[in-house]
Amino acid sequence: MPDASVLVEREGPVGWLVFNRPEAGNAMDAAMLDQLETAWQELDRDPDVRVIVNTGAGRAFQTGLDVVQLAREPEALRKQSGRTRRGELRMTAWHNGVWKPVIAAVNGVCAGGGLHFVADADIVIASSDAQFLDPHVSLGQVTAYEAIGLARKIPFEAVMRMALVGRHERLSAERALALGMVSQVVDPPERLRAEAQALAEKIARNSPAAMAATKRALWGALEAGLTDASKAGAQELVSMWGHPDQEEGPRAFAEKREPQWAPPSPVAAATSATPGPNTEVQ
C-alpha cells in the first residue's frame, strides 16, 4: 500500500523492502516496527525472490527510532521497549532469520538505529551523498548493539569514534568505503537503485541453497572461535552434498548455459534461523 510505512516491491528475482516515511527521515515509529517483521517474512517466503534489497524512500535511508513519537507517545513504543529489554528485536533480516542474500542500498543519511540495517546486511552499497552517524550519546542514550555488530565487520576505532563523537561528526560514503563499511559508492546518487538491482540480479543467478548455507556459515563464524566456526562451516558444506544444485552447476557450466537451480526451501530456512547479533533498538 502506498501509505504503508514499509513498502514491499518485486523486480524479477529481486525483492525490495523500502522504508517509507520520507517526511520523518524514515525514522521507525511503532507502525513501521510492526510492518518490518511482516515485510521480511513476506519476502523470505516468496520462492520467486532470490535476493532482497533494503533502501529508503526520499533523501534519507534510515534515521533510527522516531524520538518525536517516543517523546509524545511513549506508550506507542512499549512493545518495542519490551523486545529491546528481552533481546527479541525483529527489525532487520538477521533479526528475522532471513537466509536469502540481503543488500542494504544506503541512499542518504543513516543514523542511530539505522545502523542496525548496515551491520546486519550481507552487502552494503551507498550513494555518493550518503552519510553515517551515531547520535545516541548526544541524546543521552547508549549506543550498543548496532556498534557491536559493526565492530565485527570494520575497524574497532572507527566504530568507537562514531559512537563517542555522536551527532557532531558524520562519516562520508567515501570514508565508509575506505573502512570497508560499504563495498561500492554509486555516483551520481540517482543511479543507486539501478546499481543495486544489477548487483542483486548477479547474485540471484547463483544456487539459493548454496548461498543460504554459505551465509549461515560465514555469519556463524562471527560468533564463534576459529575451530568451532570451521567445524560449523564444514557441516554447512556437507549439507549440500547430494543436493540437485551440486549436479546442475557443473552440468550447466559444461553445457555453457545458465543453471536451473532448485527453488529455495522456506521450511529449511525457517528451521535453521537463529537470532541475530544486534538486538537492541535506537
# chains A, B, ... in the order shown; residues from 1 in each chain; ligands from 1
$ residues_around --residues "Met32 of chain A" --least-positions-apart "5" --cutoff "12 Å" --atoms "only C-alpha atoms" --output "count of residues only"
26
$ residues_around --residues "Leu150 of chain A" --least-positions-apart "5" --cutoff "10 Å" --atoms "only C-alpha atoms" --output "JSON, numbers by chain"
{"A": [115, 116, 118, 119, 120, 145, 155, 156, 158, 159, 160, 181, 278]}
$ write_last_selection --atoms "N, CA and C atoms" --output "compact mmCIF listing (two decimals), in the first residue's frame"
# COMPACT_ATOMS: atom_id res chain seq x y z
N LEU A 115 21.76 2.08 11.73
CA LEU A 115 22.99 1.31 11.58
C LEU A 115 22.76 -0.18 11.79
N HIS A 116 21.65 -0.55 12.43
CA HIS A 116 21.29 -1.97 12.51
C HIS A 116 21.28 -2.59 11.11
N VAL A 118 22.72 -1.64 8.38
CA VAL A 118 24.06 -1.71 7.78
C VAL A 118 24.85 -2.86 8.39
N ALA A 119 24.82 -2.95 9.71
CA ALA A 119 25.56 -4.01 10.40
C ALA A 119 25.05 -5.39 10.03
N ASP A 120 23.76 -5.52 9.77
CA ASP A 120 23.15 -6.83 9.56
C ASP A 120 23.03 -7.23 8.10
N TYR A 145 24.24 -2.30 20.53
CA TYR A 145 24.22 -3.43 19.61
C TYR A 145 24.54 -3.07 18.17
N PRO A 155 37.06 -1.73 11.32
CA PRO A 155 37.98 -1.45 12.41
C PRO A 155 37.30 -0.88 13.66
N PHE A 156 37.72 -1.37 14.81
CA PHE A 156 37.11 -1.00 16.08
C PHE A 156 37.17 0.50 16.35
N ALA A 158 37.22 3.01 14.36
CA ALA A 158 36.26 3.77 13.55
C ALA A 158 34.87 3.71 14.16
N VAL A 159 34.51 2.54 14.67
CA VAL A 159 33.20 2.39 15.32
C VAL A 159 33.17 3.20 16.62
N MET A 160 34.23 3.11 17.42
CA MET A 160 34.27 3.83 18.69
C MET A 160 34.23 5.34 18.46
N MET A 181 33.00 -0.41 5.42
CA MET A 181 31.60 -0.42 5.84
C MET A 181 30.69 -0.63 4.64
N ASN A 278 22.50 -8.28 16.64
CA ASN A 278 22.13 -6.92 17.03
C ASN A 278 20.70 -6.94 17.56
$ residues_around --residues "Ala111 of chain A" --least-positions-apart "5" --cutoff "10 Å" --atoms "only C-alpha atoms" --output "PDB file with N, CA, C and O atoms, in the first residue's frame"
ATOM      1  N   GLY A  25      12.385  11.344   7.778  1.00  0.00           N
ATOM      2  CA  GLY A  25      13.711  10.756   7.609  1.00  0.00           C
ATOM      3  C   GLY A  25      13.693   9.246   7.704  1.00  0.00           C
ATOM      4  O   GLY A  25      14.708   8.615   7.997  1.00  0.00           O
ATOM      5  N   ALA A  27      12.410   7.502   9.952  1.00  0.00           N
ATOM      6  CA  ALA A  27      12.551   7.052  11.331  1.00  0.00           C
ATOM      7  C   ALA A  27      11.510   5.983  11.633  1.00  0.00           C
ATOM      8  O   ALA A  27      10.411   5.978  11.086  1.00  0.00           O
ATOM      9  N   ALA A  60      16.621  10.214   2.818  1.00  0.00           N
ATOM     10  CA  ALA A  60      17.300   9.528   3.919  1.00  0.00           C
ATOM     11  C   ALA A  60      17.112   8.024   3.782  1.00  0.00           C
ATOM     12  O   ALA A  60      16.081   7.558   3.285  1.00  0.00           O
ATOM     13  N   PHE A  61      18.110   7.286   4.239  1.00  0.00           N
ATOM     14  CA  PHE A  61      17.988   5.829   4.286  1.00  0.00           C
ATOM     15  C   PHE A  61      17.170   5.425   5.511  1.00  0.00           C
ATOM     16  O   PHE A  61      16.072   4.885   5.400  1.00  0.00           O
ATOM     17  N   GLN A  62      17.679   5.742   6.691  1.00  0.00           N
ATOM     18  CA  GLN A  62      17.020   5.342   7.933  1.00  0.00           C
ATOM     19  C   GLN A  62      17.663   6.133   9.072  1.00  0.00           C
ATOM     20  O   GLN A  62      18.898   6.184   9.165  1.00  0.00           O
ATOM     21  N   THR A  63      16.850   6.749   9.930  1.00  0.00           N
ATOM     22  CA  THR A  63      17.397   7.606  10.981  1.00  0.00           C
ATOM     23  C   THR A  63      17.056   7.111  12.382  1.00  0.00           C
ATOM     24  O   THR A  63      17.034   7.883  13.335  1.00  0.00           O
ATOM     25  N   GLY A  64      16.803   5.802  12.519  1.00  0.00           N
ATOM     26  CA  GLY A  64      16.624   5.224  13.842  1.00  0.00           C
ATOM     27  C   GLY A  64      15.230   5.402  14.402  1.00  0.00           C
ATOM     28  O   GLY A  64      14.274   5.701  13.691  1.00  0.00           O
ATOM     29  N   LEU A  65      15.124   5.225  15.694  1.00  0.00           N
ATOM     30  CA  LEU A  65      13.834   5.303  16.362  1.00  0.00           C
ATOM     31  C   LEU A  65      13.268   6.717  16.271  1.00  0.00           C
ATOM     32  O   LEU A  65      14.001   7.702  16.384  1.00  0.00           O
ATOM     33  N   HIS A 116      21.645  -0.553  12.430  1.00  0.00           N
ATOM     34  CA  HIS A 116      21.289  -1.970  12.508  1.00  0.00           C
ATOM     35  C   HIS A 116      21.280  -2.591  11.109  1.00  0.00           C
ATOM     36  O   HIS A 116      21.758  -3.705  10.894  1.00  0.00           O
ATOM     37  N   GLN A 131      25.595   9.505   4.261  1.00  0.00           N
ATOM     38  CA  GLN A 131      26.324   9.895   5.469  1.00  0.00           C
ATOM     39  C   GLN A 131      25.918   8.977   6.603  1.00  0.00           C
ATOM     40  O   GLN A 131      24.760   8.567   6.705  1.00  0.00           O
ATOM     41  N   PHE A 132      26.872   8.660   7.465  1.00  0.00           N
ATOM     42  CA  PHE A 132      26.637   7.753   8.585  1.00  0.00           C
ATOM     43  C   PHE A 132      27.001   8.452   9.891  1.00  0.00           C
ATOM     44  O   PHE A 132      28.050   9.093   9.989  1.00  0.00           O
ATOM     45  N   LEU A 133      26.138   8.307  10.896  1.00  0.00           N
ATOM     46  CA  LEU A 133      26.438   8.859  12.214  1.00  0.00           C
ATOM     47  C   LEU A 133      25.656   8.098  13.267  1.00  0.00           C
ATOM     48  O   LEU A 133      24.635   7.461  12.981  1.00  0.00           O
ATOM     49  N   ASP A 134      26.177   8.184  14.507  1.00  0.00           N
ATOM     50  CA  ASP A 134      25.513   7.523  15.629  1.00  0.00           C
ATOM     51  C   ASP A 134      25.282   8.548  16.739  1.00  0.00           C
ATOM     52  O   ASP A 134      26.180   8.822  17.540  1.00  0.00           O
ATOM     53  N   PRO A 135      24.095   9.158  16.799  1.00  0.00           N
ATOM     54  CA  PRO A 135      23.848  10.257  17.744  1.00  0.00           C
ATOM     55  C   PRO A 135      23.402   9.832  19.139  1.00  0.00           C
ATOM     56  O   PRO A 135      22.993  10.682  19.930  1.00  0.00           O
ATOM     57  N   HIS A 136      23.468   8.557  19.477  1.00  0.00           N
ATOM     58  CA  HIS A 136      22.935   8.090  20.758  1.00  0.00           C
ATOM     59  C   HIS A 136      23.446   8.911  21.945  1.00  0.00           C
ATOM     60  O   HIS A 136      22.667   9.403  22.754  1.00  0.00           O
ATOM     61  N   GLY A 166      29.237  11.102  18.399  1.00  0.00           N
ATOM     62  CA  GLY A 166      27.799  11.318  18.321  1.00  0.00           C
ATOM     63  C   GLY A 166      27.381  12.118  17.104  1.00  0.00           C
ATOM     64  O   GLY A 166      27.909  11.928  16.000  1.00  0.00           O
ATOM     65  N   ARG A 167      26.467  13.043  17.321  1.00  0.00           N
ATOM     66  CA  ARG A 167      25.904  13.791  16.186  1.00  0.00           C
ATOM     67  C   ARG A 167      26.831  14.879  15.669  1.00  0.00           C
ATOM     68  O   ARG A 167      26.503  15.565  14.693  1.00  0.00           O
ATOM     69  N   ARG A 170      29.982  13.349  10.939  1.00  0.00           N
ATOM     70  CA  ARG A 170      29.355  12.388  10.030  1.00  0.00           C
ATOM     71  C   ARG A 170      30.422  11.712   9.169  1.00  0.00           C
ATOM     72  O   ARG A 170      31.381  12.346   8.729  1.00  0.00           O
ATOM     73  N   GLN A 282      17.554   1.738  18.608  1.00  0.00           N
ATOM     74  CA  GLN A 282      17.825   3.144  18.876  1.00  0.00           C
ATOM     75  C   GLN A 282      19.237   3.494  19.192  1.00  0.00           C
ATOM     76  O   GLN A 282      20.055   2.957  19.751  1.00  0.00           O
TER      77      GLN A 282
END
$ atom_distance --atom1 "atom CA of Gly58 of chain A" --atom2 "atom CA of Leu139 of chain A"
24.6 Å
$ closest_residue --among "A:Asp46, A:Trp16, A:Val106, A:Gly114" --to "Met28 of chain A" --atoms "only C-alpha atoms"
A:Gly114
